[in-house]
file target-v2.csv (CSV, C-alpha atoms)
chain,number,residue,atom,x,y,z
T,1,MET,CA,-19.1,9.3,46.3
T,2,ILE,CA,-16.6,8.6,49.1
T,3,LYS,CA,-16.7,10.8,52.2
T,4,LEU,CA,-14.2,11.1,55.0
T,5,GLY,CA,-15.9,12.4,58.1
T,6,GLY,CA,-18.6,15.1,58.0
T,7,ASP,CA,-19.9,16.3,54.7
T,8,ARG,CA,-16.5,16.7,53.0
T,9,GLU,CA,-16.7,14.8,49.7
T,10,MET,CA,-13.4,13.1,48.9
T,11,GLU,CA,-14.0,11.8,45.3
T,12,VAL,CA,-16.7,13.4,43.1
T,13,PRO,CA,-17.3,11.9,39.7
T,14,GLN,CA,-17.8,14.4,36.9
T,15,GLU,CA,-19.3,14.0,33.4
T,16,PHE,CA,-16.9,16.4,31.9
T,17,LEU,CA,-14.1,18.8,32.8
T,18,ASP,CA,-15.2,22.2,33.8
T,19,ASP,CA,-13.8,25.2,32.0
T,20,ASP,CA,-11.9,26.2,35.1
T,21,ALA,CA,-10.2,22.8,35.4
T,22,PRO,CA,-6.4,22.9,35.0
T,23,PRO,CA,-5.5,23.4,31.3
T,24,GLU,CA,-3.2,20.3,31.4
T,25,ALA,CA,-6.1,18.1,32.3
T,26,HIS,CA,-8.0,19.4,29.3
T,27,THR,CA,-5.1,18.8,26.9
T,28,LEU,CA,-4.4,15.3,28.2
T,29,LEU,CA,-8.0,14.3,27.9
T,30,ASP,CA,-8.1,15.8,24.4
T,31,PHE,CA,-4.9,13.7,23.6
T,32,TRP,CA,-6.6,10.5,24.8
T,33,ASN,CA,-9.8,11.3,22.8
T,34,ALA,CA,-7.8,12.1,19.6
T,35,HIS,CA,-6.3,8.5,19.8
T,36,ALA,CA,-9.5,6.7,20.7
T,37,LYS,CA,-10.5,5.8,17.2
T,38,ASN,CA,-13.7,4.0,16.2
T,39,GLY,CA,-14.5,3.3,19.9
T,40,GLN,CA,-11.2,1.6,20.5
T,41,ILE,CA,-9.0,2.6,23.4
T,42,PRO,CA,-5.6,4.1,22.5
T,43,THR,CA,-2.6,1.9,22.5
T,44,ARG,CA,0.6,2.1,24.6
T,45,GLU,CA,2.5,2.8,21.4
T,46,GLU,CA,0.4,6.0,21.1
T,47,PHE,CA,1.0,6.8,24.8
T,48,ARG,CA,4.8,6.7,24.6
T,49,PRO,CA,6.8,8.8,27.1
T,50,ASP,CA,7.9,11.3,24.4
T,51,ALA,CA,4.3,11.8,23.3
T,52,LEU,CA,3.3,12.4,27.0
T,53,GLU,CA,6.0,14.9,27.8
T,54,PRO,CA,3.7,17.8,28.8
T,55,TRP,CA,2.0,15.6,31.4
T,56,ILE,CA,4.6,12.9,32.3
T,57,GLY,CA,5.2,14.1,35.8
T,58,ASN,CA,1.5,14.0,36.6
T,59,ILE,CA,0.9,10.4,35.3
T,60,CYS,CA,0.9,7.2,37.2
T,61,ILE,CA,0.6,3.9,35.3
T,62,TYR,CA,-1.5,1.0,36.7
T,63,GLU,CA,-1.8,-2.4,35.0
T,64,TYR,CA,-4.7,-4.7,35.4
T,65,VAL,CA,-3.7,-8.1,36.9
T,66,PRO,CA,-6.6,-10.6,36.2
T,67,GLN,CA,-5.4,-13.2,38.7
T,68,LYS,CA,-5.8,-10.6,41.5
T,69,ASP,CA,-8.6,-8.6,39.9
T,70,ASP,CA,-6.6,-5.6,40.9
T,71,PHE,CA,-4.4,-2.9,39.4
T,72,LEU,CA,-0.6,-2.9,40.0
T,73,ILE,CA,1.1,0.5,40.2
T,74,LEU,CA,4.0,0.4,37.7
T,75,LEU,CA,4.9,4.0,37.8
T,76,GLU,CA,4.3,7.1,40.0
T,77,GLY,CA,4.8,10.5,38.3
T,78,GLU,CA,7.3,12.7,40.1
T,79,ASN,CA,4.7,15.5,40.5
T,80,VAL,CA,2.3,13.1,42.0
T,81,VAL,CA,4.9,11.9,44.5
T,82,ALA,CA,5.8,15.5,45.4
T,83,LEU,CA,2.1,16.4,45.8
T,84,THR,CA,1.3,13.3,48.0
T,85,GLY,CA,4.6,12.7,49.7
T,86,GLU,CA,4.2,9.0,48.9
T,87,ASN,CA,5.4,6.6,46.2
T,88,TRP,CA,3.1,3.6,45.9
T,89,ARG,CA,5.0,1.9,43.0
T,90,GLY,CA,4.6,-1.9,43.3
T,91,ALA,CA,1.4,-1.7,45.4
T,92,PHE,CA,-2.1,-2.4,44.2
T,93,ALA,CA,-5.1,-0.1,44.0
T,94,ARG,CA,-6.9,-2.0,46.8
T,95,GLU,CA,-4.0,-1.2,49.1
T,96,VAL,CA,-4.6,2.5,48.4
T,97,ASP,CA,-8.3,2.0,49.1
T,98,CYS,CA,-7.6,0.3,52.4
T,99,ARG,CA,-5.2,3.0,53.5
T,100,TYR,CA,-7.5,6.0,52.6
T,101,SER,CA,-11.0,4.6,52.4
T,102,SER,CA,-11.0,5.6,48.8
T,103,GLY,CA,-12.9,4.2,45.8
T,104,LEU,CA,-9.9,3.9,43.4
T,105,HIS,CA,-10.3,0.2,42.6
T,106,SER,CA,-14.0,0.6,41.9
T,107,ALA,CA,-13.4,3.6,39.6
T,108,MET,CA,-10.6,1.7,37.8
T,109,THR,CA,-12.9,-1.3,37.4
T,110,THR,CA,-15.5,1.0,35.8
T,111,VAL,CA,-12.9,2.2,33.4
T,112,ARG,CA,-11.8,-1.3,32.6
T,113,LEU,CA,-15.4,-2.5,32.0
T,114,SER,CA,-16.5,0.6,30.0
T,115,ALA,CA,-13.2,1.3,28.2
T,116,LYS,CA,-14.0,5.0,28.8
T,117,PRO,CA,-12.2,7.6,30.8
T,118,GLN,CA,-13.3,8.7,34.3
T,119,ILE,CA,-13.0,12.2,35.7
T,120,HIS,CA,-13.1,13.0,39.4
T,121,GLN,CA,-12.6,16.1,41.5
T,122,LEU,CA,-11.0,15.0,44.7
T,123,ARG,CA,-9.2,16.1,47.8
T,124,ILE,CA,-5.6,14.8,47.9
T,125,PHE,CA,-5.8,12.0,50.6
T,126,GLN,CA,-2.6,13.2,52.3
T,127,LYS,CA,-3.5,16.9,52.2
T,128,GLU,CA,-7.2,17.3,52.6
T,129,TRP,CA,-7.0,21.0,51.9
T,130,GLN,CA,-5.6,20.4,48.4
T,131,LYS,CA,-8.1,19.8,45.6
T,132,ALA,CA,-7.3,18.1,42.3
T,133,ILE,CA,-8.7,16.7,39.1
T,134,ARG,CA,-8.0,13.0,38.6
T,135,LEU,CA,-8.3,11.5,35.1
T,136,LEU,CA,-8.4,7.7,34.7
T,137,LEU,CA,-7.6,6.8,31.1
T,138,PRO,CA,-7.6,3.3,29.7
T,139,VAL,CA,-4.7,2.3,27.4
T,140,LEU,CA,-4.0,-1.0,25.7
T,141,LEU,CA,-0.5,-2.5,26.0
T,142,GLN,CA,-0.2,-4.8,23.0
T,143,LYS,CA,2.2,-7.8,23.6
T,144,PRO,CA,3.3,-9.8,20.6
T,145,ASP,CA,2.5,-13.5,21.1
T,146,LYS,CA,0.9,-12.8,24.5
T,147,GLU,CA,-2.4,-11.5,25.8
T,148,ASP,CA,-2.7,-7.7,25.6
T,149,ALA,CA,-2.7,-5.9,29.0
T,150,LEU,CA,-5.0,-3.1,30.0
T,151,GLN,CA,-3.3,-0.2,31.6
T,152,ILE,CA,-4.9,2.8,33.2
T,153,PHE,CA,-3.1,6.1,33.2
T,154,LEU,CA,-4.0,8.0,36.3
T,155,ALA,CA,-3.2,11.7,36.1
T,156,ILE,CA,-3.6,14.2,38.9
T,157,PHE,CA,-3.6,17.9,38.4
T,158,PRO,CA,-3.8,20.2,41.5
T,159,ILE,CA,-6.5,22.9,41.5
T,160,ASP,CA,-5.4,26.3,42.7
T,161,ASP,CA,-8.0,27.9,44.9

call {"tool": "encode", "arguments": {"input": "target-v2.csv", "output": "structure tokens"}}
result
Amino acid sequence: MIKLGGDREMEVPQEFLDDDAPPEAHTLLDFWNAHAKNGQIPTREEFRPDALEPWIGNICIYEYVPQKDDFLILLEGENVVALTGENWRGAFAREVDCRYSSGLHSAMTTVRLSAKPQIHQLRIFQKEWQKAIRLLLPVLLQKPDKEDALQIFLAIFPIDD
């Protein structure tokens, strides 16, 4: 658990989504689970933009870069950029951690090693008063004649108080 001053928890892992979590978070997690067959993570082919249309603005795509042992931000969803006021495309997860004293790289590493989603309730780093649900969903990008790449789809859904 990461804290920023006092007792305000910034990132709280959760075992499951509460009933009062945003409906979009539930449906995206259900979508991931429906494509996680026989313990395998879904493929990028299953996570195409047209299949993700209901959530596309809330999704950021990170790709694991083994040479750096870090996660490169390939895409920032427009709703995430609007919520945070920042676009981190082209940066790495550790850069976000350095800026906000967060545990993003650690959480993504857990996802990479376990091949299972992670759920967090968090405060938006740039707007501490705003709470959100963050899903980290592993997805496999299959590359013909090359090594497959692990991508993590990070989705943020604001919680209305």

call {"tool": "atom_distance", "arguments": {"input": "target-v2.csv", "atom1": "atom CA of Asp148 of chain T", "atom2": "atom CA of Leu72 of chain T"}}
result
15.3 Å

call {"tool": "closest_residue", "arguments": {"input": "target-v2.csv", "among": "T:Ser106, T:Asn58, T:Ser114, T:Gln40", "to": "Asp70 of chain T", "atoms": "all atoms listed in the file"}}
result
T:Ser106

call {"tool": "residues_near_point", "arguments": {"input": "target-v2.csv", "point": "(7.0, 6.5, 38.7)", "cutoff": "12 Å", "atoms": "all atoms listed in the file", "output": "short mmCIF file (atom, residue, chain, number, x, y, z; two decimals) with C-alpha atoms, in the frame of the given file"}}
result
data_model
loop_
_atom_site.label_atom_id
_atom_site.label_comp_id
_atom_site.auth_asym_id
_atom_site.auth_seq_id
_atom_site.Cartn_x
_atom_site.Cartn_y
_atom_site.Cartn_z
CA PRO T 49 6.80 8.80 27.10
CA ILE T 56 4.60 12.90 32.30
CA GLY T 57 5.20 14.10 35.80
CA ASN T 58 1.50 14.00 36.60
CA ILE T 59 0.90 10.40 35.30
CA CYS T 60 0.90 7.20 37.20
CA ILE T 61 0.60 3.90 35.30
CA TYR T 62 -1.50 1.00 36.70
CA ILE T 73 1.10 0.50 40.20
CA LEU T 74 4.00 0.40 37.70
CA LEU T 75 4.90 4.00 37.80
CA GLU T 76 4.30 7.10 40.00
CA GLY T 77 4.80 10.50 38.30
CA GLU T 78 7.30 12.70 40.10
CA ASN T 79 4.70 15.50 40.50
CA VAL T 80 2.30 13.10 42.00
CA VAL T 81 4.90 11.90 44.50
CA ALA T 82 5.80 15.50 45.40
CA GLU T 86 4.20 9.00 48.90
CA ASN T 87 5.40 6.60 46.20
CA TRP T 88 3.10 3.60 45.90
CA ARG T 89 5.00 1.90 43.00
CA GLY T 90 4.60 -1.90 43.30
CA ALA T 91 1.40 -1.70 45.40
CA PHE T 153 -3.10 6.10 33.20
CA LEU T 154 -4.00 8.00 36.30
CA ALA T 155 -3.20 11.70 36.10
#

call {"tool": "residues_around", "arguments": {"input": "target-v2.csv", "residues": "Gln130 of chain T", "least_positions_apart": "2", "cutoff": "12 Å", "atoms": "only C-alpha atoms", "output": "MDAnalysis selection string"}}
result
chainID T and resid 10 83:84 121:128 132:133 156:161

call {"tool": "atom_distance", "arguments": {"input": "target-v2.csv", "atom1": "atom CA of Pro66 of chain T", "atom2": "atom CA of Trp32 of chain T"}}
result
24.0 Å

call {"tool": "residues_around", "arguments": {"input": "target-v2.csv", "residues": "Pro13 of chain T", "least_positions_apart": "5", "cutoff": "8 Å", "atoms": "only C-alpha atoms", "output": "NGL selection string"}}
result
:T and (1 or 118-121)

call {"tool": "atom_distance", "arguments": {"input": "target-v2.csv", "atom1": "atom CA of Gly103 of chain T", "atom2": "atom CA of Ala21 of chain T"}}
result
21.5 Å

call {"tool": "residues_around", "arguments": {"input": "target-v2.csv", "residues": "Lys116 of chain T", "least_positions_apart": "3", "cutoff": "12 Å", "atoms": "only C-alpha atoms", "output": "list of chain:residue names"}}
result
T:Glu15, T:Leu29, T:Trp32, T:Asn33, T:Ala36, T:Gly39, T:Gln40, T:Ile41, T:Pro42, T:Ala107, T:Met108, T:Thr109, T:Thr110, T:Val111, T:Arg112, T:Leu113, T:Ile119, T:Leu135, T:Leu136, T:Leu137, T:Pro138, T:Val139, T:Ile152, T:Phe153

call {"tool": "closest_residue", "arguments": {"input": "target-v2.csv", "among": "T:Lys131, T:Phe71, T:Ala149, T:Glu53", "to": "Pro22 of chain T", "atoms": "all atoms listed in the file"}}
result
T:Lys131

call {"tool": "closest_residue", "arguments": {"input": "target-v2.csv", "among": "T:Leu141, T:Leu150, T:Asp30, T:Ser102", "to": "Phe47 of chain T", "atoms": "all atoms listed in the file"}}
result
T:Leu141

call {"tool": "closest_residue", "arguments": {"input": "target-v2.csv", "among": "T:Lys37, T:His105, T:Ala51, T:Glu11", "to": "Glu63 of chain T", "atoms": "all atoms listed in the file"}}
result
T:His105

call {"tool": "closest_residue", "arguments": {"input": "target-v2.csv", "among": "T:Tyr100, T:Ala93, T:Glu46, T:Gly85", "to": "Asp69 of chain T", "atoms": "all atoms listed in the file"}}
result
T:Ala93

call {"tool": "closest_residue", "arguments": {"input": "target-v2.csv", "among": "T:Val65, T:Arg134, T:Asp145, T:Arg94", "to": "Pro117 of chain T", "atoms": "only C-alpha atoms"}}
result
T:Arg134

call {"tool": "decode", "arguments": {"input": "target-v2.csv", "residues": "segment 54-78 of chain T", "atoms": "N, CA, C and O atoms", "output": "short mmCIF file (atom, residue, chain, number, x, y, z; two decimals), in the first residue's frame"}}
result
data_model
loop_
_atom_site.label_atom_id
_atom_site.label_comp_id
_atom_site.auth_asym_id
_atom_site.auth_seq_id
_atom_site.Cartn_x
_atom_site.Cartn_y
_atom_site.Cartn_z
N PRO T 54 -16.58 -0.04 -25.72
CA PRO T 54 -17.23 0.56 -24.55
C PRO T 54 -16.25 1.16 -23.53
O PRO T 54 -16.64 1.99 -22.73
N TRP T 55 -14.99 0.74 -23.57
CA TRP T 55 -14.02 1.16 -22.54
C TRP T 55 -12.80 1.86 -23.12
O TRP T 55 -11.93 2.28 -22.38
N ILE T 56 -12.72 2.00 -24.44
CA ILE T 56 -11.49 2.43 -25.11
C ILE T 56 -10.91 3.73 -24.56
O ILE T 56 -9.70 3.87 -24.42
N GLY T 57 -11.73 4.69 -24.20
CA GLY T 57 -11.22 5.96 -23.68
C GLY T 57 -10.63 5.86 -22.29
O GLY T 57 -9.89 6.75 -21.86
N ASN T 58 -10.91 4.77 -21.59
CA ASN T 58 -10.41 4.58 -20.23
C ASN T 58 -9.20 3.66 -20.16
O ASN T 58 -8.75 3.32 -19.08
N ILE T 59 -8.71 3.22 -21.32
CA ILE T 59 -7.63 2.24 -21.37
C ILE T 59 -6.31 2.87 -21.79
O ILE T 59 -6.26 3.66 -22.75
N CYS T 60 -5.26 2.47 -21.09
CA CYS T 60 -3.89 2.78 -21.47
C CYS T 60 -3.20 1.45 -21.75
O CYS T 60 -3.47 0.46 -21.06
N ILE T 61 -2.31 1.42 -22.73
CA ILE T 61 -1.62 0.17 -23.06
C ILE T 61 -0.14 0.32 -22.73
O ILE T 61 0.52 1.25 -23.22
N TYR T 62 0.34 -0.60 -21.93
CA TYR T 62 1.75 -0.68 -21.55
C TYR T 62 2.32 -1.96 -22.14
O TYR T 62 1.64 -2.98 -22.18
N GLU T 63 3.57 -1.92 -22.59
CA GLU T 63 4.21 -3.13 -23.11
C GLU T 63 5.50 -3.38 -22.34
O GLU T 63 6.29 -2.45 -22.12
N TYR T 64 5.67 -4.63 -21.93
CA TYR T 64 6.86 -4.98 -21.17
C TYR T 64 8.09 -4.97 -22.08
O TYR T 64 8.08 -5.53 -23.17
N VAL T 65 9.14 -4.30 -21.61
CA VAL T 65 10.41 -4.21 -22.32
C VAL T 65 11.45 -4.94 -21.47
O VAL T 65 11.95 -4.38 -20.48
N PRO T 66 11.77 -6.21 -21.82
CA PRO T 66 12.67 -7.01 -20.99
C PRO T 66 14.05 -6.37 -20.77
O PRO T 66 14.62 -6.47 -19.68
N GLN T 67 14.59 -5.70 -21.78
CA GLN T 67 15.91 -5.09 -21.66
C GLN T 67 15.96 -4.03 -20.56
O GLN T 67 17.01 -3.76 -19.99
N LYS T 68 14.84 -3.41 -20.28
CA LYS T 68 14.77 -2.37 -19.25
C LYS T 68 14.07 -2.87 -17.99
O LYS T 68 14.03 -2.16 -17.00
N ASP T 69 13.47 -4.06 -18.06
CA ASP T 69 12.61 -4.57 -16.99
C ASP T 69 11.63 -3.48 -16.56
O ASP T 69 11.49 -3.14 -15.39
N ASP T 70 10.96 -2.92 -17.57
CA ASP T 70 10.01 -1.83 -17.33
C ASP T 70 8.89 -1.93 -18.37
O ASP T 70 8.96 -2.74 -19.29
N PHE T 71 7.90 -1.09 -18.21
CA PHE T 71 6.71 -1.13 -19.05
C PHE T 71 6.56 0.20 -19.78
O PHE T 71 6.37 1.24 -19.15
N LEU T 72 6.66 0.16 -21.11
CA LEU T 72 6.57 1.34 -21.96
C LEU T 72 5.10 1.68 -22.21
O LEU T 72 4.30 0.81 -22.56
N ILE T 73 4.75 2.94 -22.05
CA ILE T 73 3.38 3.39 -22.27
C ILE T 73 3.20 3.67 -23.77
O ILE T 73 3.79 4.60 -24.31
N LEU T 74 2.40 2.82 -24.41
CA LEU T 74 2.16 2.94 -25.85
C LEU T 74 0.98 3.82 -26.17
O LEU T 74 0.93 4.45 -27.24
N LEU T 75 -0.01 3.83 -25.29
CA LEU T 75 -1.25 4.55 -25.55
C LEU T 75 -1.85 5.02 -24.24
O LEU T 75 -1.84 4.29 -23.25
N GLU T 76 -2.38 6.23 -24.24
CA GLU T 76 -3.12 6.77 -23.10
C GLU T 76 -4.54 7.06 -23.58
O GLU T 76 -4.73 7.83 -24.53
N GLY T 77 -5.52 6.46 -22.94
CA GLY T 77 -6.92 6.69 -23.30
C GLY T 77 -7.31 8.15 -23.08
O GLY T 77 -6.86 8.80 -22.13
N GLU T 78 -8.17 8.65 -23.95
CA GLU T 78 -8.53 10.08 -23.88
C GLU T 78 -9.23 10.43 -22.58
O GLU T 78 -9.06 11.54 -22.07
#
